[in-house]
Every structure is written in C-alpha cells, then in structure tokens.
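Structure data (mmCIF, C-alpha atoms) from run_30.cif:
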```
data_my_file
loop_
_atom_site.label_atom_id
_atom_site.label_comp_id
_atom_site.auth_asym_id
_atom_site.auth_seq_id
_atom_site.Cartn_x
_atom_site.Cartn_y
_atom_site.Cartn_z
CA MET V 1 20.31 87.82 24.34
CA THR V 2 19.11 85.12 22.06
CA GLY V 3 19.96 82.45 24.66
CA GLU V 4 17.96 84.24 27.33
CA ALA V 5 14.94 84.46 25.04
CA THR V 6 15.15 80.79 24.25
CA THR V 7 15.37 79.87 27.92
CA THR V 8 12.38 82.05 28.74
CA MET V 9 10.31 80.51 25.96
CA ASP V 10 11.18 76.96 27.09
CA ALA V 11 10.28 77.69 30.70
CA ALA V 12 6.97 79.30 29.87
CA PRO V 13 5.12 76.06 29.00
CA ALA V 14 6.42 74.39 32.14
CA ARG V 15 5.16 77.26 34.35
CA ALA V 16 1.85 77.17 32.53
CA ALA V 17 1.51 73.44 33.12
CA ARG V 18 2.25 73.80 36.83
CA SER V 19 -0.16 76.67 37.25
CA SER V 20 -3.00 75.06 35.30
CA GLY V 21 -3.13 71.93 37.52
CA PRO V 22 -4.41 68.53 36.37
CA PRO V 23 -6.40 68.57 33.15
CA SER V 24 -10.16 68.42 33.41
CA ALA V 25 -12.26 65.77 31.76
CA SER V 26 -13.51 68.23 29.13
CA SER V 27 -10.06 69.40 28.23
CA ALA V 28 -8.73 65.88 28.11
CA SER V 29 -11.34 64.94 25.56
CA GLN V 30 -10.42 67.83 23.27
CA PRO V 31 -7.70 67.05 20.70
CA ALA V 32 -4.45 68.93 20.74
CA HIS V 33 -3.87 71.60 18.11
CA GLY V 34 -2.95 69.94 14.85
CA VAL V 35 -3.88 66.42 16.00
CA PRO V 36 -6.99 64.81 14.49
CA ALA V 37 -9.75 63.99 16.94
CA THR V 38 -10.17 60.25 17.38
CA GLY V 39 -12.30 60.16 20.49
CA PRO V 40 -11.27 59.43 24.05
CA ALA V 41 -8.94 56.42 24.44
CA VAL V 42 -10.37 53.98 26.99
CA ALA V 43 -7.77 51.63 28.45
CA ALA V 44 -8.89 48.07 29.10
CA PRO V 45 -8.73 46.96 32.76
CA GLU V 46 -5.58 45.04 33.56
CA GLY V 47 -7.47 42.03 34.92
CA ASP V 48 -9.56 41.52 31.78
CA ALA V 49 -8.74 38.32 29.88
CA PRO V 50 -8.85 37.95 26.12
CA ALA V 51 -12.23 37.42 24.52
CA ASP V 52 -11.65 33.68 24.02
CA ALA V 53 -10.49 33.10 27.62
CA PRO V 54 -13.93 31.92 28.89
CA ARG V 55 -14.03 29.30 26.18
CA ARG V 56 -10.57 27.99 27.10
CA ALA V 57 -10.73 28.38 30.88
CA TRP V 58 -11.58 24.70 31.41
CA LEU V 59 -8.41 23.65 29.56
CA ARG V 60 -5.94 25.73 31.57
CA PRO V 61 -3.19 23.88 33.50
CA LEU V 62 -4.22 22.62 36.95
CA VAL V 63 -7.61 24.34 36.83
CA PRO V 64 -10.14 21.96 38.47
CA ILE V 65 -13.51 21.15 36.96
CA ALA V 66 -16.82 20.49 38.64
CA ALA V 67 -18.04 17.00 39.45
CA GLY V 68 -20.68 17.05 36.72
CA PRO V 69 -18.39 17.82 33.79
CA ARG V 70 -15.79 15.42 35.16
CA LEU V 71 -18.34 12.58 35.22
CA ALA V 72 -19.59 13.49 31.75
CA LEU V 73 -16.07 13.47 30.29
CA GLY V 74 -15.30 10.13 31.91
CA ILE V 75 -18.46 8.54 30.51
CA ALA V 76 -17.82 10.10 27.12
CA PHE V 77 -14.55 8.21 26.74
CA PHE V 78 -16.29 4.87 27.35
CA VAL V 79 -18.97 5.80 24.81
CA VAL V 80 -16.34 6.61 22.20
CA PHE V 81 -14.45 3.40 23.00
CA VAL V 82 -17.55 1.21 22.61
CA ALA V 83 -18.43 3.05 19.39
CA PHE V 84 -15.06 2.24 17.84
CA TRP V 85 -15.34 -1.35 19.06
CA SER V 86 -18.80 -1.67 17.51
CA VAL V 87 -17.68 -0.22 14.19
CA ALA V 88 -14.69 -2.59 14.06
CA THR V 89 -16.75 -5.71 14.83
CA PHE V 90 -20.20 -5.06 13.34
CA GLY V 91 -18.62 -3.49 10.29
CA GLY V 92 -16.65 -6.63 9.56
CA PHE V 93 -13.23 -5.01 9.87
CA VAL V 94 -12.19 -7.60 12.51
CA GLY V 95 -13.26 -11.21 12.50
CA LYS V 96 -15.38 -12.48 15.41
CA THR V 97 -12.85 -15.21 16.04
CA PHE V 98 -10.33 -12.57 17.05
CA LEU V 99 -12.65 -9.97 18.60
CA ALA V 100 -16.26 -10.52 19.61
CA ASP V 101 -18.77 -7.71 19.24
CA PRO V 102 -20.26 -5.99 22.32
CA LEU V 103 -23.67 -7.69 22.12
CA THR V 104 -22.21 -11.18 21.85
CA MET V 105 -19.89 -10.41 24.75
CA LEU V 106 -22.81 -9.32 26.94
CA LYS V 107 -24.86 -12.41 26.07
CA SER V 108 -21.93 -14.70 26.88
CA GLY V 109 -21.33 -12.85 30.13
CA TRP V 110 -24.94 -13.39 31.16
CA VAL V 111 -24.61 -17.11 30.43
CA LEU V 112 -21.40 -17.24 32.47
CA LEU V 113 -23.06 -15.59 35.46
CA THR V 114 -26.34 -17.49 35.39
CA GLN V 115 -25.38 -20.96 34.16
CA MET V 116 -21.65 -21.50 34.60
CA GLY V 117 -20.98 -20.24 38.12
CA PHE V 118 -18.81 -17.30 37.13
CA ALA V 119 -19.95 -15.38 40.20
CA THR V 120 -18.06 -17.90 42.33
CA ASP V 121 -14.94 -17.34 40.24
CA ILE V 122 -15.26 -13.60 40.79
CA GLY V 123 -15.59 -14.09 44.53
CA MET V 124 -12.51 -16.32 44.67
CA THR V 125 -10.41 -13.81 42.73
CA VAL V 126 -11.52 -10.89 44.91
CA TRP V 127 -10.71 -12.90 48.04
CA ARG V 128 -7.23 -13.73 46.76
CA VAL V 129 -6.47 -10.13 45.84
CA LEU V 130 -7.65 -8.73 49.15
CA GLY V 131 -6.00 -11.51 51.18
CA GLY V 132 -2.57 -11.18 49.61
CA PHE V 133 -2.71 -7.40 49.50
CA VAL V 134 -3.83 -6.98 53.13
CA VAL V 135 -1.06 -9.27 54.39
CA ALA V 136 1.51 -7.36 52.32
CA ALA V 137 0.22 -4.00 53.60
CA LEU V 138 0.23 -5.11 57.25
CA VAL V 139 3.89 -6.11 56.99
CA ALA V 140 5.00 -3.27 54.71
CA LEU V 141 3.48 -0.40 56.70
CA PRO V 142 5.59 -0.67 59.88
CA LEU V 143 8.75 -1.52 57.94
CA GLY V 144 8.27 1.35 55.50
CA ILE V 145 7.55 3.81 58.31
CA ALA V 146 10.66 2.66 60.17
CA MET V 147 12.80 3.01 57.04
CA GLY V 148 11.48 6.49 56.32
CA THR V 149 11.98 7.61 59.92
CA TYR V 150 15.35 6.14 60.88
CA LYS V 151 18.19 6.36 58.39
CA PRO V 152 20.21 3.39 59.79
CA ILE V 153 17.18 1.11 59.23
CA GLU V 154 16.81 2.52 55.74
CA ALA V 155 20.48 1.91 55.00
CA PHE V 156 20.11 -1.70 56.14
CA PHE V 157 16.96 -2.66 54.24
CA GLU V 158 16.86 -0.41 51.19
CA PRO V 159 19.48 -2.19 49.03
CA PHE V 160 17.67 -5.52 49.28
CA VAL V 161 14.20 -3.98 48.89
CA SER V 162 15.35 -2.04 45.82
CA PHE V 163 16.79 -5.24 44.40
CA ALA V 164 13.73 -7.37 45.13
CA ARG V 165 11.14 -4.95 43.78
CA TYR V 166 12.53 -5.40 40.26
CA LEU V 167 11.98 -9.16 40.38
CA PRO V 168 8.76 -10.08 38.53
CA ALA V 169 6.30 -11.89 40.77
CA SER V 170 5.38 -14.26 37.95
CA ALA V 171 8.97 -15.59 37.90
CA PHE V 172 8.40 -17.03 41.38
CA ILE V 173 5.37 -19.11 40.37
CA PRO V 174 7.34 -22.30 39.52
CA LEU V 175 9.18 -22.12 42.85
CA LEU V 176 6.02 -21.32 44.77
CA ILE V 177 4.25 -24.31 43.19
CA LEU V 178 7.12 -26.51 44.38
CA TRP V 179 7.05 -24.99 47.86
CA ALA V 180 3.33 -24.46 48.45
CA GLY V 181 1.59 -26.52 45.77
CA ILE V 182 -1.19 -25.17 43.59
CA GLY V 183 -3.52 -24.21 46.42
CA GLU V 184 -4.46 -20.81 47.80
CA ALA V 185 -1.14 -20.29 49.58
CA GLN V 186 0.70 -20.15 46.27
CA LYS V 187 -1.63 -17.49 44.84
CA LEU V 188 -1.52 -15.39 47.98
CA ALA V 189 2.27 -15.61 47.97
CA VAL V 190 2.43 -14.31 44.39
CA ILE V 191 0.33 -11.28 45.32
CA PHE V 192 2.38 -10.74 48.47
CA ILE V 193 5.68 -10.76 46.58
CA GLY V 194 4.33 -8.47 43.89
CA SER V 195 2.95 -5.92 46.37
CA PHE V 196 5.18 -6.02 49.45
CA PHE V 197 8.46 -4.62 48.12
CA GLN V 198 6.75 -1.86 46.16
CA LEU V 199 4.78 -0.83 49.23
CA VAL V 200 7.80 -0.78 51.53
CA LEU V 201 9.90 1.49 49.35
CA MET V 202 7.10 3.89 48.43
CA ILE V 203 5.94 4.23 52.04
CA ALA V 204 9.52 4.87 53.18
CA VAL V 205 9.87 7.64 50.60
CA ALA V 206 6.55 9.21 51.64
CA VAL V 207 7.49 9.25 55.33
CA GLY V 208 11.02 10.45 54.63
CA ASN V 209 9.73 13.44 52.66
CA THR V 210 8.20 15.04 55.75
CA ARG V 211 8.69 18.81 55.66
CA ARG V 212 11.76 19.77 57.65
CA ASP V 213 10.24 23.03 58.83
CA LEU V 214 7.46 21.08 60.55
CA VAL V 215 10.03 18.83 62.19
CA GLU V 216 12.04 21.78 63.47
CA ALA V 217 8.89 23.52 64.70
CA ALA V 218 7.85 20.39 66.59
CA TYR V 219 11.24 20.09 68.26
CA THR V 220 11.11 23.78 69.15
CA LEU V 221 7.77 23.21 70.88
CA GLY V 222 9.28 20.43 72.97
CA VAL V 223 7.98 17.35 71.13
CA GLY V 224 10.04 14.20 71.62
CA ASP V 225 10.98 11.61 69.01
CA SER V 226 7.93 9.43 69.55
CA GLY V 227 5.65 12.46 69.55
CA LEU V 228 7.25 13.69 66.34
CA ILE V 229 6.47 10.40 64.60
CA ARG V 230 2.96 10.18 66.00
CA ARG V 231 1.85 13.80 65.65
CA VAL V 232 3.86 15.18 62.70
CA MET V 233 5.34 12.53 60.42
CA LEU V 234 2.48 10.04 60.27
CA PRO V 235 -0.33 12.59 59.84
CA GLY V 236 1.70 14.37 57.18
CA ALA V 237 2.44 11.20 55.22
CA ALA V 238 -0.91 9.45 55.78
CA PRO V 239 -2.70 10.88 52.70
CA GLU V 240 0.20 9.90 50.44
CA ILE V 241 0.39 6.44 52.02
CA ALA V 242 -3.32 5.98 51.31
CA GLU V 243 -2.72 6.89 47.66
CA ILE V 244 0.17 4.40 47.54
CA LEU V 245 -2.11 1.65 48.85
CA ARG V 246 -4.67 2.53 46.19
CA MET V 247 -2.13 2.31 43.37
CA VAL V 248 -0.51 -0.92 44.53
CA LEU V 249 -3.92 -2.57 44.92
CA GLY V 250 -4.33 -2.08 41.17
CA TRP V 251 -1.02 -3.84 40.59
CA ALA V 252 -2.18 -6.72 42.80
CA TRP V 253 -4.92 -7.48 40.29
CA THR V 254 -2.36 -8.12 37.58
CA TYR V 255 -0.49 -10.54 39.84
CA VAL V 256 -3.57 -12.57 40.78
CA ILE V 257 -4.56 -13.09 37.17
CA VAL V 258 -1.06 -14.33 36.38
CA ALA V 259 -1.23 -16.66 39.40
CA GLU V 260 -4.61 -18.03 38.25
CA LEU V 261 -3.42 -18.70 34.74
CA ILE V 262 -1.24 -21.54 36.04
CA GLY V 263 -2.46 -24.39 38.21
CA ALA V 264 -5.83 -22.93 39.21
CA SER V 265 -9.27 -24.55 39.22
CA SER V 266 -11.28 -21.39 39.90
CA GLY V 267 -11.09 -17.64 39.50
CA ILE V 268 -11.35 -15.15 36.66
CA GLY V 269 -7.92 -16.09 35.33
CA HIS V 270 -8.92 -19.74 35.23
CA MET V 271 -12.04 -18.86 33.22
CA ILE V 272 -9.97 -16.80 30.79
CA THR V 273 -7.55 -19.69 30.27
CA ASP V 274 -10.39 -22.14 29.54
CA SER V 275 -12.01 -19.66 27.15
CA GLN V 276 -8.73 -19.20 25.30
CA ALA V 277 -8.57 -22.92 24.61
CA LEU V 278 -12.07 -22.72 23.09
CA LEU V 279 -11.33 -19.51 21.11
CA ALA V 280 -14.21 -17.88 23.02
CA THR V 281 -13.09 -14.27 22.75
CA ASP V 282 -16.48 -13.07 23.99
CA GLN V 283 -15.91 -14.77 27.35
CA ILE V 284 -12.31 -13.58 27.53
CA ILE V 285 -13.37 -9.98 26.95
CA PHE V 286 -16.15 -10.27 29.51
CA GLY V 287 -13.69 -11.54 32.11
CA ILE V 288 -11.29 -8.68 31.38
CA ILE V 289 -14.11 -6.13 31.65
CA VAL V 290 -15.23 -7.61 34.98
CA ILE V 291 -11.69 -7.16 36.34
CA GLY V 292 -11.67 -3.56 35.14
CA LEU V 293 -15.06 -2.83 36.72
CA ILE V 294 -14.06 -4.30 40.07
CA GLY V 295 -10.82 -2.33 39.99
CA LEU V 296 -12.69 0.87 39.10
CA ILE V 297 -15.12 0.39 41.98
CA SER V 298 -12.30 -0.26 44.45
CA ASP V 299 -10.43 2.78 43.12
CA PHE V 300 -13.40 5.08 43.65
CA ALA V 301 -13.97 3.58 47.11
CA PHE V 302 -10.35 4.28 48.06
CA LYS V 303 -10.64 7.87 46.88
CA TRP V 304 -13.88 8.37 48.80
CA PHE V 305 -12.40 7.02 52.03
CA ASN V 306 -9.21 9.04 51.57
CA ARG V 307 -11.12 12.30 51.20
CA ARG V 308 -13.01 11.65 54.42
CA LEU V 309 -10.16 10.24 56.47
CA PHE V 310 -7.66 12.93 55.44
CA PRO V 311 -9.57 16.13 54.64
CA TRP V 312 -6.44 18.26 55.14
CA ALA V 313 -4.88 16.62 52.09
CA GLN V 314 -7.38 18.46 49.87
CA LEU V 315 -6.16 21.88 51.02
CA GLY V 316 -4.25 23.69 48.32
CA ARG V 317 -5.48 21.46 45.50
#
```
What is this file in structure tokens?
Amino acid sequence: MTGEATTTMDAAPARAARSSGPPSASSASQPAHGVPATGPAVAAPEGDAPADAPRRAWLRPLVPIAAGPRLALGIAFFVVFVAFWSVATFGGFVGKTFLADPLTMLKSGWVLLTQMGFATDIGMTVWRVLGGFVVAALVALPLGIAMGTYKPIEAFFEPFVSFARYLPASAFIPLLILWAGIGEAQKLAVIFIGSFFQLVLMIAVAVGNTRRDLVEAAYTLGVGDSGLIRRVMLPGAAPEIAEILRMVLGWAWTYVIVAELIGASSGIGHMITDSQALLATDQIIFGIIVIGLIGLISDFAFKWFNRRLFPWAQLGR
C-alpha cells in the first residue's frame, strides 16, 4: 500500500507537467517556491565575443588589416628607427667616426649626387643587377619547369643544383677575375651564379607541388600532357614563381655589392669601398640606404605586378 502511494505521488508531478504545456513568460519569471527571486537570467548570444575582443581583433592570427593601417605601421617603424639613430648620434653615445648622424648623412648624400657623380654609380649598379638577374631567370625558368614536371629530369639535375646552390658566389670572384677580367662580364657572372641555382630549385619545387586533384581532373577531361603543363601546372605555379623571382632579386643585390667591392671602378659598392678608406661613414650609410630604397621600390613593383597578373592568387588570403 505504501509503495502504491509513493508511485502515485511521484507520477503526479509528471502528469501535471505534461498537461500544463510549456511554461509561459510570466510563469518563467516567477521564482520557484523557496528559491529567492534574482530576476530573469538572460543568456549571452553564442556569437558574442568578450568585451576586449574589438581592441585585440587587429592582432589575431592571419587577420588582414586595411591598406591605411598597414602603411602607417610600416612608416612608424622607420620613424622609431631614425629616432633611435638620432639619439645615439646626437646624444654622443656613439662617435661620429663610427656612425654619422642622419643630418650629416643627408648632406653628404646630396654632395655625392650633385658633385661626385653618384647617380652614375647607381645606374651602373642597377644595370648589373638587372642584367645578371634577367639572364639567370631566362635560363632557370625552363630548366626549373622541366625539373618540376618530369621526374627523370629532376633526378638528373637536382643533385648538382643542390650542391651548387650552397657555394657562395663571392668565392668565385678570384676565378672569374682570372677568366673574365675585372670588366662587366665578371660582375654579371657573379650575379648569375648567385641567382641561377636558387631559382632553378625553387621553381622546380613550385611546379612539382601542383595539386594532384587538379591533375587528375584535367586527365579525366581529356587533357594531354602538353595541355596539362600549359593549362594547369603553369597557371597554378605562376604566382609562386613570381614570388620566387621577387625574393631572389633581393639576393642579387647582395651579390652585386660583393662583386663591386673588388676590382670595380664604378657602382655603389665601389663608392662604399672608397668611403671606407676615408673613414667617411656618412657616405657609406648613404650608399647602404640607397640600396635599400631601390630594393624596396623594386619589391613593391613586383608585388603590384603580381597582383594584377595573377588575381586568382589572392583568393583565399
């Protein structure tokens, strides 16, 4: 008897809950008997971020920023760099013999450009960089594409290319002076050696990393081998190849300066060598800054052309 009463009492609330239906808004806001009223609990939406998220949104991984803030941040670094340089030199922490101040450097740079023919040196250096780099790219592109496309060609060339790319281009300068003298051919050869082997291997890797699903889809649609290279592999690897060319062009600048430090009668490297003999750190710094500015301009130009030549590469970024 007691068991039946207990079962009936337990079932009564369940039947009452089923018969009453969903609770109304007014009943939901009323506290249960014996529970203190604390007001309705409002759950925060699931998509809401913490309160400090807007302040930290610009610092989240891989979140892009607008062109304006990007430019401002880039300029800000140069401002901070020049400020530290000014404090170190004008404050007397570093002697002018070892590091010229920014104003002295600018004055010496103006004298170099207007009275000492430094513009001609800049033109010669730019011509050497572009000449050696263009020749290296023209030879490296077809070889790198062939290595990335056909595995037997890769197996034949890759061991030597991997070996040669570790050889410093500056180590060849004594031999190149013996073979080609101290003229323009020697400087172009240094840039060629320093750029060619890096380009070949990196281009081969870029072409060889073509997505296999695209290759299989092309074969399924009836594309032949030549069509696969022309319509799938090259368009897919072209944006990465353009980035490789941009990076290696920066390396070419280091090679040309090394080539001009020895046996040269013109060029930015030649001016830096002469200034070092005179302890003219202001002229040395100006020459280094000119190299950096030219490299920065060429880098931005490469990026601009890449975005317009290969717009599909920006998808998903």
| All residues 9 Å or closer to stretch 163-172 of chain V, all atoms listed in the file, same chain fewer than 5 positions away omitted, as a VMD selection string | chain V and resid 158 177 190 to 198 201 255 258 to 259
| request: May I ask for the distance between atom CA of V:Ile241 and atom CA of V:Thr254, given in Å to one decimal place? | output: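 Result for atom CA of V:Ile241 versus atom CA of V:Thr254: 20.7 Å, one decimal.
Separating atom CA of V:Ala280 from atom CA of V:Gly91 is a distance of 19.7 Å.
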| query | What does the distance from atom CA of V:Met124 to atom CA of V:Leu278 come to in Å, to one decimal? | reply |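 Going from atom CA of V:Met124 over to atom CA of V:Leu278, I get 22.5 Å.
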| field | Explicit residues for the PyMOL selection byres ((chain V and resi 101) around 8) (as a list in words) | value |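 With the PyMOL selection byres ((chain V and resi 101) around 8) on this model, the match is Trp85, Ser86, Thr89, Phe90, Lys96, Leu99, Ala100, Pro102, Leu103, Thr104, Met105 and Asp282 of chain V.
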| request: For the file shown, report as a PyMOL selection string the outcome of the PyMOL selection byres ((chain V and resi 242) around 10) at residue level. | output: chain V and resi 203+237-241+243-247+302-303+305-306+309-310
| task | Select, from V:Ala301, V:Leu141, V:Leu214, V:Ala67, the residue with the minimum atom-to-atom distance to V:Val232, counting only C-alpha atoms. | result | V:Leu214
Show me, as an mmCIF file with C-alpha atoms, in the coordinates of the input, the residues that have an atom within 9 Å of V:Thr125 when counting all atoms listed in the file, minus same-chain residues fewer than 4 positions from it.
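Dumped everything to out.cif:
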```cif
data_model
loop_
_atom_site.group_PDB
_atom_site.id
_atom_site.type_symbol
_atom_site.label_atom_id
_atom_site.label_comp_id
_atom_site.auth_asym_id
_atom_site.auth_seq_id
_atom_site.Cartn_x
_atom_site.Cartn_y
_atom_site.Cartn_z
ATOM 1 C CA THR V 120 -18.060 -17.900 42.330
ATOM 2 C CA ASP V 121 -14.940 -17.340 40.240
ATOM 3 C CA VAL V 129 -6.470 -10.130 45.840
ATOM 4 C CA LEU V 130 -7.650 -8.730 49.150
ATOM 5 C CA TRP V 253 -4.920 -7.480 40.290
ATOM 6 C CA VAL V 256 -3.570 -12.570 40.780
ATOM 7 C CA ILE V 257 -4.560 -13.090 37.170
ATOM 8 C CA GLU V 260 -4.610 -18.030 38.250
ATOM 9 C CA SER V 266 -11.280 -21.390 39.900
ATOM 10 C CA GLY V 267 -11.090 -17.640 39.500
ATOM 11 C CA ILE V 268 -11.350 -15.150 36.660
ATOM 12 C CA GLY V 269 -7.920 -16.090 35.330
#
```
| task | Can you turn the PyMOL selection byres ((chain V and resi 283) around 9) into a concrete residue list for this file, as a ChimeraX atom specification? | result | /V:100,105-106,108-109,112,271-272,275-276,280-282,284-288
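Of the listed residues V:Leu178, V:Ile122, V:Trp304, V:Leu71, the one whose atoms come nearest to V:His270 is V:Ile122, with distances taken using all atoms listed in the file.
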| Which of these, V:Val161, V:Ala83, V:Val248, V:Ala264, has the shortest distance to V:Ala185 once you count all atoms listed in the file? |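 For V:Ala185, the nearest of the given residues is V:Ala264.
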| remark: Counting all atoms listed in the file, the residue among V:Gly183, V:Gly208, V:Pro174, V:Ile291 that lies closest to V:Lys151 is V:Gly208
Around stretch 215-224 of chain V, with edges along x, y and z and 4 Å added on all six sides, what centre and edge lengths do you get, in Å to one decimal, as lines of an AutoDock Vina configuration file?
```
center_x = 9.9
center_y = 19.0
center_z = 67.6
size_x = 12.3
size_y = 17.6
size_z = 18.8
```
